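**Student:** upload_31.cif is reproduced in full below (mmCIF, C-alpha atoms and all ligand atoms).
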```cif
data_coords
loop_
_atom_site.label_atom_id
_atom_site.label_comp_id
_atom_site.auth_asym_id
_atom_site.auth_seq_id
_atom_site.Cartn_x
_atom_site.Cartn_y
_atom_site.Cartn_z
CA MET H 1 0.00 0.00 0.00
CA ALA H 2 2.89 2.37 0.76
CA GLY H 3 3.93 2.00 -2.86
CA HIS H 4 0.46 2.71 -4.29
CA PRO H 5 0.57 5.67 -6.70
CA ARG H 6 -2.27 7.35 -4.81
CA THR H 7 -0.36 7.01 -1.52
CA LYS H 8 2.72 8.51 -3.13
CA ALA H 9 0.77 11.40 -4.64
CA ILE H 10 -0.89 12.23 -1.32
CA CYS H 11 2.37 11.99 0.64
CA ALA H 12 3.97 14.33 -1.89
CA ARG H 13 1.37 16.96 -0.96
CA PHE H 14 2.57 16.89 2.65
CA PRO H 15 6.37 16.73 2.43
CA ARG H 16 6.84 17.82 6.03
CA ALA H 17 4.43 15.35 7.57
CA SER H 18 6.01 12.66 9.71
CA GLN H 19 5.19 9.19 8.44
CA VAL H 20 4.56 6.14 10.57
CA PHE H 21 4.24 2.75 8.88
CA CYS H 22 2.11 -0.10 10.17
CA GLU H 23 0.76 -3.42 8.92
CA ARG H 24 -2.96 -2.76 9.40
CA TYR H 25 -4.72 0.55 9.93
CA GLY H 26 -6.77 -1.06 12.71
CA GLU H 27 -3.62 -1.13 14.87
CA VAL H 28 -3.89 2.64 15.09
CA PHE H 29 -7.59 3.17 14.56
CA ASN H 30 -9.25 0.50 16.67
CA PRO H 31 -7.53 0.33 20.09
CA LYS H 32 -9.68 1.21 23.09
CA ALA H 33 -8.82 4.08 25.41
CA GLN H 34 -8.35 6.64 22.64
CA ASP H 35 -9.56 10.18 23.19
CA PHE H 36 -11.92 11.01 20.33
CA ARG H 37 -12.33 14.62 21.41
CA LEU H 38 -8.60 15.21 21.67
CA GLN H 39 -7.87 13.52 18.34
CA LYS H 40 -10.62 15.52 16.69
CA GLN H 41 -8.60 18.66 17.38
CA LYS H 42 -5.62 17.38 15.41
CA PRO H 43 -6.46 14.24 13.47
CA ALA H 44 -3.84 12.29 11.55
CA LEU H 45 -4.44 11.02 8.04
CA ILE H 46 -4.16 7.24 7.78
CA LEU H 47 -3.71 5.87 4.27
CA ALA H 48 -4.86 2.29 4.06
CA ASN H 49 -6.12 -0.53 1.91
CA LYS H 50 -9.73 -1.61 2.26
CA HIS H 51 -9.44 -5.37 2.17
CA ASP H 52 -13.05 -6.49 2.20
CA ARG H 53 -16.67 -5.40 2.62
CA ARG H 54 -16.06 -2.46 0.37
CA VAL H 55 -19.54 -2.08 -1.11
CA LEU H 56 -22.51 -3.08 1.03
CA GLU H 57 -26.27 -3.22 0.73
CA THR H 58 -27.96 -0.29 2.46
CA PRO H 59 -30.29 -0.97 5.37
CA ALA H 60 -33.94 -1.35 4.36
CA GLY H 61 -35.64 2.04 4.09
CA TYR H 62 -32.56 3.83 2.82
CA GLY H 63 -32.88 5.07 -0.72
CA ILE H 64 -34.35 7.58 -3.12
CA GLY H 65 -36.70 5.52 -5.20
CA GLY H 66 -34.40 2.72 -6.44
CA GLU H 67 -34.82 -0.98 -5.75
CA ARG H 68 -31.15 -1.95 -5.45
CA ASN H 69 -29.21 0.25 -3.07
CA TYR H 70 -25.58 0.00 -1.97
CA TYR H 71 -23.21 2.19 -0.04
CA PHE H 72 -19.48 2.51 0.24
CA SER H 73 -17.01 4.71 2.05
CA HIS H 74 -13.67 5.71 0.62
CA MET H 75 -12.99 7.37 4.01
CA LEU H 76 -13.79 6.91 7.66
CA ASN H 77 -14.40 10.08 9.68
CA CYS H 78 -14.93 13.62 8.64
CA LEU H 79 -13.25 16.99 8.41
CA TYR H 80 -16.28 18.57 10.04
CA ASP H 81 -17.51 18.11 13.57
CA CYS H 82 -21.28 17.94 13.83
CA ARG H 83 -22.38 17.31 17.37
CA TYR H 84 -25.19 14.99 16.20
CA CYS H 85 -22.91 12.89 13.96
CA PHE H 86 -23.08 9.13 14.49
CA LEU H 87 -19.40 8.72 13.59
CA GLN H 88 -18.33 10.07 17.00
CA GLY H 89 -20.29 7.28 18.63
CA MET H 90 -19.22 4.59 16.18
CA TYR H 91 -15.43 4.95 16.09
CA ARG H 92 -12.96 5.08 18.93
CA SER H 93 -10.61 7.22 16.89
CA ALA H 94 -11.16 10.57 15.20
CA HIS H 95 -8.22 10.11 12.84
CA TYR H 96 -9.12 10.13 9.14
CA VAL H 97 -8.72 6.85 7.29
CA LEU H 98 -8.52 7.13 3.52
CA PHE H 99 -8.71 3.91 1.51
CA VAL H 100 -6.44 4.42 -1.47
CA ASN H 101 -7.35 1.26 -3.40
CA TYR H 102 -10.15 2.87 -5.41
CA GLU H 103 -9.64 0.29 -8.15
CA ASP H 104 -10.84 -2.49 -5.82
CA PHE H 105 -14.01 -0.50 -5.16
CA TYR H 106 -14.48 -0.21 -8.93
CA SER H 107 -14.17 -4.01 -9.34
CA GLU H 108 -16.68 -4.67 -6.60
CA ILE H 109 -19.16 -2.20 -8.07
CA ASP H 110 -18.72 -3.82 -11.50
CA GLY H 111 -19.43 -7.23 -9.94
CA ILE H 112 -22.69 -5.93 -8.48
CA LEU H 113 -23.72 -4.39 -11.79
CA GLU H 114 -23.00 -7.63 -13.66
CA ASN H 115 -25.30 -9.54 -11.31
CA ALA H 116 -28.13 -7.00 -11.51
CA ASN H 117 -29.54 -8.21 -14.86
CA GLY H 118 -29.37 -4.74 -16.32
CA GLU H 119 -31.45 -3.20 -13.53
CA PRO H 120 -30.35 0.16 -12.15
CA CYS H 121 -28.27 0.07 -8.98
CA TRP H 122 -27.75 3.01 -6.66
CA PHE H 123 -24.36 3.53 -5.01
CA PHE H 124 -24.32 5.97 -2.11
CA SER H 125 -21.05 7.50 -1.02
CA GLY H 126 -20.45 9.68 2.01
CA TYR H 127 -21.87 7.24 4.53
CA ASP H 128 -18.93 7.12 6.97
CA CYS H 129 -17.52 10.47 5.89
CA ASP H 130 -18.44 13.49 3.78
CA SER H 131 -18.09 12.71 0.07
CA LEU H 132 -16.38 15.95 -0.92
CA ALA H 133 -14.95 17.66 2.17
CA LEU H 134 -11.42 16.34 1.59
CA GLU H 135 -11.62 16.34 -2.22
CA PRO H 136 -8.40 18.33 -2.80
CA VAL H 137 -6.51 15.49 -1.07
CA THR H 138 -8.56 12.44 -2.01
CA ALA H 139 -9.62 13.32 -5.59
CA PHE H 140 -12.53 10.98 -4.86
CA ALA H 141 -15.12 12.66 -7.07
CA GLU H 142 -12.55 13.51 -9.71
CA GLN H 143 -11.74 9.82 -10.10
CA PHE H 144 -15.05 8.09 -9.38
CA LEU H 145 -17.13 10.28 -11.69
CA PRO H 146 -15.40 9.11 -14.89
CA PHE H 147 -15.83 5.53 -13.64
CA PHE H 148 -19.59 6.01 -13.22
CA ALA H 149 -19.82 7.97 -16.48
CA SER H 150 -19.13 4.79 -18.41
CA ARG H 151 -21.64 2.76 -16.40
CA PRO H 152 -25.09 4.20 -17.14
CA GLN H 153 -26.78 1.33 -15.33
CA ALA H 154 -25.29 2.66 -12.10
CA ARG H 155 -26.63 5.64 -10.15
CA PHE H 156 -24.16 7.47 -7.95
CA GLU H 157 -24.91 9.79 -5.04
CA LEU H 158 -22.31 12.09 -3.53
CA ARG H 159 -23.50 13.38 -0.17
CA THR H 160 -21.91 16.45 1.30
CA LYS H 161 -21.99 19.58 3.41
CA SER H 162 -18.91 20.85 1.61
CA THR H 163 -18.36 23.52 -1.01
CA GLN H 164 -15.52 21.58 -2.67
CA VAL H 165 -17.21 21.34 -6.05
CA ARG H 166 -14.34 22.38 -8.31
CA SER H 167 -13.66 18.85 -9.55
CA LEU H 168 -17.33 18.48 -10.51
CA LEU H 169 -17.45 21.80 -12.30
CA SER H 170 -14.41 20.83 -14.33
CA GLN H 171 -16.25 17.77 -15.74
CA GLU H 172 -19.37 17.35 -17.83
CA ALA H 173 -22.45 16.92 -15.65
CA LEU H 174 -23.21 13.22 -15.31
CA PRO H 175 -26.82 12.18 -15.97
CA ASN H 176 -26.48 9.24 -13.57
CA ALA H 177 -25.01 11.17 -10.64
CA VAL H 178 -26.73 13.17 -7.91
CA VAL H 179 -24.92 15.65 -5.71
CA ALA H 180 -26.87 15.78 -2.47
CA PHE H 181 -26.35 18.60 0.04
CA SER H 182 -27.42 18.33 3.67
CA PHE H 183 -28.83 21.24 5.62
CA THR H 184 -30.10 22.12 9.06
CA PRO H 185 -31.42 25.60 9.97
CA GLU H 186 -29.04 28.43 10.79
CA GLU H 187 -29.68 28.11 14.54
CA ILE H 188 -28.57 24.47 14.47
CA HIS H 189 -25.76 25.02 12.02
CA GLY H 190 -24.36 27.74 14.29
CA THR H 191 -24.33 25.64 17.43
CA LEU H 192 -23.94 22.03 16.30
CA GLU H 193 -22.16 21.94 12.92
CA HIS H 194 -18.62 22.94 13.77
CA LYS H 195 -16.37 23.75 10.80
CA VAL H 196 -19.20 23.13 8.29
CA PRO H 197 -19.40 25.80 5.55
CA GLY H 198 -22.26 28.27 6.01
CA ILE H 199 -25.69 27.67 4.53
CA GLN H 200 -25.42 30.41 1.92
CA ARG H 201 -22.01 29.17 0.77
CA ARG H 202 -23.46 25.72 0.23
CA ILE H 203 -26.42 27.14 -1.67
CA ASP H 204 -23.97 29.11 -3.83
CA SER H 205 -22.15 25.87 -4.66
CA MET H 206 -25.46 24.22 -5.51
CA ARG H 207 -26.38 27.09 -7.80
CA GLN H 208 -23.08 26.74 -9.63
CA LEU H 209 -23.63 23.01 -10.05
CA GLN H 210 -27.23 23.42 -11.13
CA HIS H 211 -26.14 26.01 -13.67
CA ALA H 212 -23.58 23.52 -15.01
CA GLY H 213 -26.32 20.90 -15.44
CA TRP H 214 -25.69 18.68 -12.40
CA SER H 215 -28.58 16.87 -10.83
CA LEU H 216 -28.96 17.89 -7.19
CA GLY H 217 -30.50 16.47 -4.05
CA LEU H 218 -31.44 18.08 -0.75
CA ARG H 219 -31.12 16.18 2.51
CA PHE H 220 -32.80 17.60 5.60
CA ASP H 221 -31.44 14.94 7.86
CA PRO H 222 -31.31 14.89 10.80
CA LEU H 223 -34.31 17.03 11.63
CA ILE H 224 -33.58 18.46 15.07
CA TYR H 225 -36.48 19.10 17.42
CA GLN H 226 -35.94 22.21 19.51
CA PRO H 227 -37.90 25.32 20.55
CA GLY H 228 -38.70 27.47 17.53
CA TYR H 229 -38.03 24.67 15.05
CA ARG H 230 -41.06 25.58 12.93
CA GLU H 231 -39.81 29.05 12.19
CA HIS H 232 -36.24 27.85 11.77
CA TYR H 233 -37.12 25.20 9.19
CA ARG H 234 -39.59 27.43 7.37
CA THR H 235 -36.86 30.07 7.00
CA LEU H 236 -34.33 27.48 5.83
CA PHE H 237 -36.69 26.09 3.19
CA GLN H 238 -37.46 29.59 1.92
CA GLN H 239 -33.76 30.42 1.73
CA VAL H 240 -32.95 27.24 -0.19
CA PHE H 241 -35.91 27.08 -2.55
CA SER H 242 -35.88 30.78 -3.42
CA GLN H 243 -32.43 30.30 -4.93
CA LEU H 244 -32.56 26.89 -6.54
CA ASP H 245 -34.64 25.71 -9.48
CA ALA H 246 -36.86 23.23 -7.65
CA THR H 247 -38.19 21.83 -10.94
CA ARG H 248 -34.72 20.48 -11.72
CA LEU H 249 -34.03 18.86 -8.37
CA HIS H 250 -33.56 15.12 -8.32
CA SER H 251 -34.84 14.38 -4.81
CA VAL H 252 -35.42 15.77 -1.35
CA SER H 253 -35.21 13.57 1.70
CA LEU H 254 -35.75 14.08 5.38
CA GLY H 255 -35.33 12.06 8.54
CA THR H 256 -35.45 12.81 12.22
CA PHE H 257 -32.52 12.54 14.60
CA ARG H 258 -31.84 8.90 15.51
CA LEU H 259 -28.85 6.88 16.66
CA PRO H 260 -28.13 3.27 17.61
CA ARG H 261 -28.21 2.98 21.40
CA SER H 262 -24.51 2.14 21.80
CA TYR H 263 -23.45 5.15 19.71
CA PHE H 264 -25.79 7.37 21.71
CA ARG H 265 -24.18 6.23 24.95
CA ASN H 266 -20.68 6.79 23.61
CA ILE H 267 -21.55 10.30 22.49
CA LEU H 268 -23.10 11.12 25.87
CA ARG H 269 -19.82 10.08 27.47
CA LEU H 270 -17.93 12.40 25.13
CA TYR H 271 -20.29 15.36 25.52
CA PRO H 272 -22.17 15.00 28.80
CA ASP H 273 -23.15 18.70 28.83
CA GLU H 274 -24.38 18.91 25.24
CA PRO H 275 -27.90 20.44 25.31
CA LEU H 276 -28.84 18.44 22.18
CA TYR H 277 -28.88 15.31 24.31
CA ALA H 278 -30.64 16.84 27.29
CA GLY H 279 -34.12 16.53 25.73
CA SER H 280 -36.39 13.52 25.97
CA PHE H 281 -35.69 10.46 23.85
CA ALA H 282 -37.30 7.09 23.30
CA GLU H 283 -35.77 3.73 22.54
CA SER H 284 -37.14 1.24 20.08
CA GLY H 285 -35.43 -1.74 18.47
CA GLY H 286 -32.01 -0.63 19.70
CA MET H 287 -32.42 2.87 18.25
CA ILE H 288 -32.66 6.11 20.20
CA SER H 289 -34.86 8.78 18.68
CA TYR H 290 -37.34 11.46 19.71
CA PRO H 291 -40.55 10.31 21.39
CA GLU H 292 -43.07 9.27 18.77
CA GLU H 293 -45.24 12.34 19.19
CA GLN H 294 -42.33 14.75 18.66
CA GLU H 295 -41.12 12.74 15.71
CA ARG H 296 -44.55 12.81 14.08
CA GLU H 297 -44.90 16.50 14.80
CA ILE H 298 -41.62 17.66 13.29
CA THR H 299 -41.82 15.26 10.32
CA GLY H 300 -45.40 16.31 9.61
CA PHE H 301 -44.55 19.99 9.81
CA CYS H 302 -41.44 19.77 7.61
CA THR H 303 -43.19 17.52 5.07
CA ALA H 304 -46.07 19.98 4.73
CA GLU H 305 -43.67 22.91 4.40
CA LEU H 306 -41.55 21.13 1.79
CA LEU H 307 -44.64 20.31 -0.26
CA ASN H 308 -45.17 24.06 -0.64
CA HIS H 309 -41.97 24.02 -2.68
CA ILE H 310 -41.74 20.63 -4.40
CA PRO H 311 -44.06 17.91 -5.70
CA GLU H 312 -44.59 14.85 -3.53
CA SER H 313 -42.86 12.65 -6.11
CA LEU H 314 -39.50 14.23 -5.16
CA LEU H 315 -39.86 13.67 -1.43
CA PHE H 316 -38.34 10.65 0.31
CA PRO H 317 -38.64 10.12 4.05
CA CYS H 318 -35.71 8.22 5.53
CA ALA H 319 -36.35 5.68 8.25
CA VAL H 320 -32.88 4.35 9.05
CA ALA H 321 -29.87 5.44 11.08
CA ALA H 322 -28.14 8.63 9.97
S1 LIG I 1 -20.70 16.51 7.78
FE1 LIG I 1 -21.75 14.55 8.04
S2 LIG I 1 -20.11 13.06 8.35
FE2 LIG I 1 -19.23 15.09 8.67
S3 LIG I 1 -19.34 15.45 10.90
FE3 LIG I 1 -21.17 16.34 9.96
S4 LIG I 1 -22.74 14.71 10.05
FE4 LIG I 1 -20.73 13.74 10.38
#
```
Rewrite the coordinates I just gave you, this time as structure tokens.
**Tutor:**
Amino acid sequence: MAGHPRTKAICARFPRASQVFCERYGEVFNPKAQDFRLQKQKPALILANKHDRRVLETPAGYGIGGERNYYFSHMLNCLYDCRYCFLQGMYRSAHYVLFVNYEDFYSEIDGILENANGEPCWFFSGYDCDSLALEPVTAFAEQFLPFFASRPQARFELRTKSTQVRSLLSQEALPNAVVAFSFTPEEIHGTLEHKVPGIQRRIDSMRQLQHAGWSLGLRFDPLIYQPGYREHYRTLFQQVFSQLDATRLHSVSLGTFRLPRSYFRNILRLYPDEPLYAGSFAESGGMISYPEEQEREITGFCTAELLNHIPESLLFPCAVAA
């Protein structure tokens, strides 16, 4: 792996970085008794090979209209630091892991396509990371987009809160790709989405992409229930839809805050004073989420508000873990 051209190219970008070699990335990433909060302040970049389980079926309920849905992560962890993010409860380490063997992901995706009898297959990226946040280093979109361009049977979603869209704007818009941007209202962005580019900057990036012909998605996930949420979400929707051409959007999805129980506990240990977790929650099937009534209330309100801007055919509720 150390000799992989992608490893060499990335190391050449950071000539002054100290390098530590190891057999398996898990030796560094997995040990217990690591301090996620401390590492998050100065994460290292681990370059590794992904040996197996590269492309997986999504949990039931995850998708935007397709029958066959898969996800994959070229990275673990994220440049940003959202206080509601499940990654902080899932991993012991906040270091970034970048899997450099993109070609093995390509082969696995091709294998899935071959077995799909010509049916469309969706491939979602940005599950355990943000698809574009580290694009200048990873060249993920730059390299995966040409791969998907020659596979029209595949559908590819990039999911992001980033404004790193230069590599997309330098390519022809792909008819089988969707660039999906996630948003929460300003009040939540300001308090919970540390280091995430501002809402208007993300909308500006979306406008550029839409102008260049890219198909876009909007992801209002997680919906956060807090005092004043109605006004906050109404304002957000107005801000977004007054600047984008809603008739050319691919899809809009929404889902309330939810976390597997073990992740929730881990995050509480990391941030015991975080007001986000001071509200009331319910547990069902190993998942922690808002009590049913609150969940129904906020989903109902946001759905009704969104339908003032888009047709129902574009709207996809999400029922699985964020
Ligand atoms: S942008 Fe997404 S992946 Fe990154 S910290 Fe926020 S929620 Fe997590």
**Student:** Could you give me, as a ChimeraX atom specification, the residues that sit within 12 Å of (-24.2, 11.6, 28.6) in the file's coordinates, counting only C-alpha atoms?
**Tutor:** /H:89,261-279
**Student:** Using all atoms listed in the file, determine which residues fall within 8 Å of ligand LIG 1 (chain I), then list them as a ChimeraX atom specification.
**Tutor:** /H:77-88,126-130,160-162,193,196
**Student:** Export, as a PDB file, in the frame of the given file, the selected residues with C-alpha atoms.
**Tutor:**
```pdb
ATOM      1  CA  ASN H  77     -14.400  10.080   9.680  1.00  0.00           C
ATOM      2  CA  CYS H  78     -14.930  13.620   8.640  1.00  0.00           C
ATOM      3  CA  LEU H  79     -13.250  16.990   8.410  1.00  0.00           C
ATOM      4  CA  TYR H  80     -16.280  18.570  10.040  1.00  0.00           C
ATOM      5  CA  ASP H  81     -17.510  18.110  13.570  1.00  0.00           C
ATOM      6  CA  CYS H  82     -21.280  17.940  13.830  1.00  0.00           C
ATOM      7  CA  ARG H  83     -22.380  17.310  17.370  1.00  0.00           C
ATOM      8  CA  TYR H  84     -25.190  14.990  16.200  1.00  0.00           C
ATOM      9  CA  CYS H  85     -22.910  12.890  13.960  1.00  0.00           C
ATOM     10  CA  PHE H  86     -23.080   9.130  14.490  1.00  0.00           C
ATOM     11  CA  LEU H  87     -19.400   8.720  13.590  1.00  0.00           C
ATOM     12  CA  GLN H  88     -18.330  10.070  17.000  1.00  0.00           C
ATOM     13  CA  GLY H 126     -20.450   9.680   2.010  1.00  0.00           C
ATOM     14  CA  TYR H 127     -21.870   7.240   4.530  1.00  0.00           C
ATOM     15  CA  ASP H 128     -18.930   7.120   6.970  1.00  0.00           C
ATOM     16  CA  CYS H 129     -17.520  10.470   5.890  1.00  0.00           C
ATOM     17  CA  ASP H 130     -18.440  13.490   3.780  1.00  0.00           C
ATOM     18  CA  THR H 160     -21.910  16.450   1.300  1.00  0.00           C
ATOM     19  CA  LYS H 161     -21.990  19.580   3.410  1.00  0.00           C
ATOM     20  CA  SER H 162     -18.910  20.850   1.610  1.00  0.00           C
ATOM     21  CA  GLU H 193     -22.160  21.940  12.920  1.00  0.00           C
ATOM     22  CA  VAL H 196     -19.200  23.130   8.290  1.00  0.00           C
TER      23      VAL H 196
END
```
**Student:** Considering only C-alpha atoms, return as a ChimeraX atom specification whatever protein or nucleic-acid residues lie within 7 Å of H:Gly255, sequence-local ones (same chain, fewer than 5 positions apart) excluded.
**Tutor:** /H:220-223,317-319
**Student:** Between atom CA of H:Pro43 and atom CA of H:Ser170, what is the distance, to one decimal in Å?
**Tutor:**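 Value for the atom CA of H:Pro43-atom CA of H:Ser170 distance: 29.7 Å.
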**Student:** Report, in Å with one decimal, the straight-line distance from atom CA of H:Ser18 to atom CA of H:Ile46.
**Tutor:**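 For atom CA of H:Ser18 relative to atom CA of H:Ile46, the distance reads 11.7 Å.
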**Student:** Would you compute the distance between atom CA of H:Arg24 and atom CA of H:Ala2? Give it in Å to one decimal.
**Tutor:**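 Separation of atom CA of H:Arg24 and atom CA of H:Ala2: 11.6 Å.
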**Student:** The centre and edge lengths of an axis-aligned box containing all atoms of stretch 235-252 of chain H present in the file, extended by 6 Å on each side, are to be given in Å to one decimal, as AutoDock Vina command-line options.
**Tutor:**
```
--center_x -35.3 --center_y 22.6 --center_z -2.4 --size_x 17.8 --size_y 28.4 --size_z 30.7
```
**Student:** Within 12 Å of (-16.4, 7.1, 5.2), all atoms listed in the file: residues as a PDB file with C-alpha atoms, in the frame of the given file?
**Tutor:**
```pdb
ATOM      1  CA  LYS H  50      -9.730  -1.610   2.260  1.00  0.00           C
ATOM      2  CA  ARG H  54     -16.060  -2.460   0.370  1.00  0.00           C
ATOM      3  CA  VAL H  55     -19.540  -2.080  -1.110  1.00  0.00           C
ATOM      4  CA  TYR H  71     -23.210   2.190  -0.040  1.00  0.00           C
ATOM      5  CA  PHE H  72     -19.480   2.510   0.240  1.00  0.00           C
ATOM      6  CA  SER H  73     -17.010   4.710   2.050  1.00  0.00           C
ATOM      7  CA  HIS H  74     -13.670   5.710   0.620  1.00  0.00           C
ATOM      8  CA  MET H  75     -12.990   7.370   4.010  1.00  0.00           C
ATOM      9  CA  LEU H  76     -13.790   6.910   7.660  1.00  0.00           C
ATOM     10  CA  ASN H  77     -14.400  10.080   9.680  1.00  0.00           C
ATOM     11  CA  CYS H  78     -14.930  13.620   8.640  1.00  0.00           C
ATOM     12  CA  LEU H  79     -13.250  16.990   8.410  1.00  0.00           C
ATOM     13  CA  PHE H  86     -23.080   9.130  14.490  1.00  0.00           C
ATOM     14  CA  LEU H  87     -19.400   8.720  13.590  1.00  0.00           C
ATOM     15  CA  MET H  90     -19.220   4.590  16.180  1.00  0.00           C
ATOM     16  CA  TYR H  91     -15.430   4.950  16.090  1.00  0.00           C
ATOM     17  CA  ALA H  94     -11.160  10.570  15.200  1.00  0.00           C
ATOM     18  CA  HIS H  95      -8.220  10.110  12.840  1.00  0.00           C
ATOM     19  CA  TYR H  96      -9.120  10.130   9.140  1.00  0.00           C
ATOM     20  CA  VAL H  97      -8.720   6.850   7.290  1.00  0.00           C
ATOM     21  CA  LEU H  98      -8.520   7.130   3.520  1.00  0.00           C
ATOM     22  CA  PHE H  99      -8.710   3.910   1.510  1.00  0.00           C
ATOM     23  CA  PHE H 124     -24.320   5.970  -2.110  1.00  0.00           C
ATOM     24  CA  SER H 125     -21.050   7.500  -1.020  1.00  0.00           C
ATOM     25  CA  GLY H 126     -20.450   9.680   2.010  1.00  0.00           C
ATOM     26  CA  TYR H 127     -21.870   7.240   4.530  1.00  0.00           C
ATOM     27  CA  ASP H 128     -18.930   7.120   6.970  1.00  0.00           C
ATOM     28  CA  CYS H 129     -17.520  10.470   5.890  1.00  0.00           C
ATOM     29  CA  ASP H 130     -18.440  13.490   3.780  1.00  0.00           C
ATOM     30  CA  SER H 131     -18.090  12.710   0.070  1.00  0.00           C
ATOM     31  CA  LEU H 132     -16.380  15.950  -0.920  1.00  0.00           C
ATOM     32  CA  ALA H 133     -14.950  17.660   2.170  1.00  0.00           C
ATOM     33  CA  LEU H 134     -11.420  16.340   1.590  1.00  0.00           C
ATOM     34  CA  THR H 138      -8.560  12.440  -2.010  1.00  0.00           C
ATOM     35  CA  PHE H 140     -12.530  10.980  -4.860  1.00  0.00           C
ATOM     36  CA  LEU H 158     -22.310  12.090  -3.530  1.00  0.00           C
ATOM     37  CA  ARG H 159     -23.500  13.380  -0.170  1.00  0.00           C
ATOM     38  CA  THR H 160     -21.910  16.450   1.300  1.00  0.00           C
TER      39      THR H 160
END
```
**Student:** Could you pull the residues within 12 Å of H:Glu57, counting only C-alpha atoms, minus those fewer than 3 positions along the same chain, as a list in words?
**Tutor:**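 Answer for this query is Arg53, Arg54, Ala60, Gly61, Tyr62, Gly63, Glu67, Arg68, Asn69, Tyr70, Tyr71, Phe72, Ile109, Ile112, Cys121, Trp122, Phe123, Phe124 and Tyr127 of chain H.
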**Student:** Write a file of the just-selected residues containing C-alpha atoms, as a compact mmCIF listing (two decimals), keeping the file's coordinate frame.
**Tutor:**
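again_27.txt, freshly written:
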```txt
# COMPACT_ATOMS: atom_id res chain seq x y z
CA ARG H 53 -16.67 -5.40 2.62
CA ARG H 54 -16.06 -2.46 0.37
CA ALA H 60 -33.94 -1.35 4.36
CA GLY H 61 -35.64 2.04 4.09
CA TYR H 62 -32.56 3.83 2.82
CA GLY H 63 -32.88 5.07 -0.72
CA GLU H 67 -34.82 -0.98 -5.75
CA ARG H 68 -31.15 -1.95 -5.45
CA ASN H 69 -29.21 0.25 -3.07
CA TYR H 70 -25.58 0.00 -1.97
CA TYR H 71 -23.21 2.19 -0.04
CA PHE H 72 -19.48 2.51 0.24
CA ILE H 109 -19.16 -2.20 -8.07
CA ILE H 112 -22.69 -5.93 -8.48
CA CYS H 121 -28.27 0.07 -8.98
CA TRP H 122 -27.75 3.01 -6.66
CA PHE H 123 -24.36 3.53 -5.01
CA PHE H 124 -24.32 5.97 -2.11
CA TYR H 127 -21.87 7.24 4.53
```
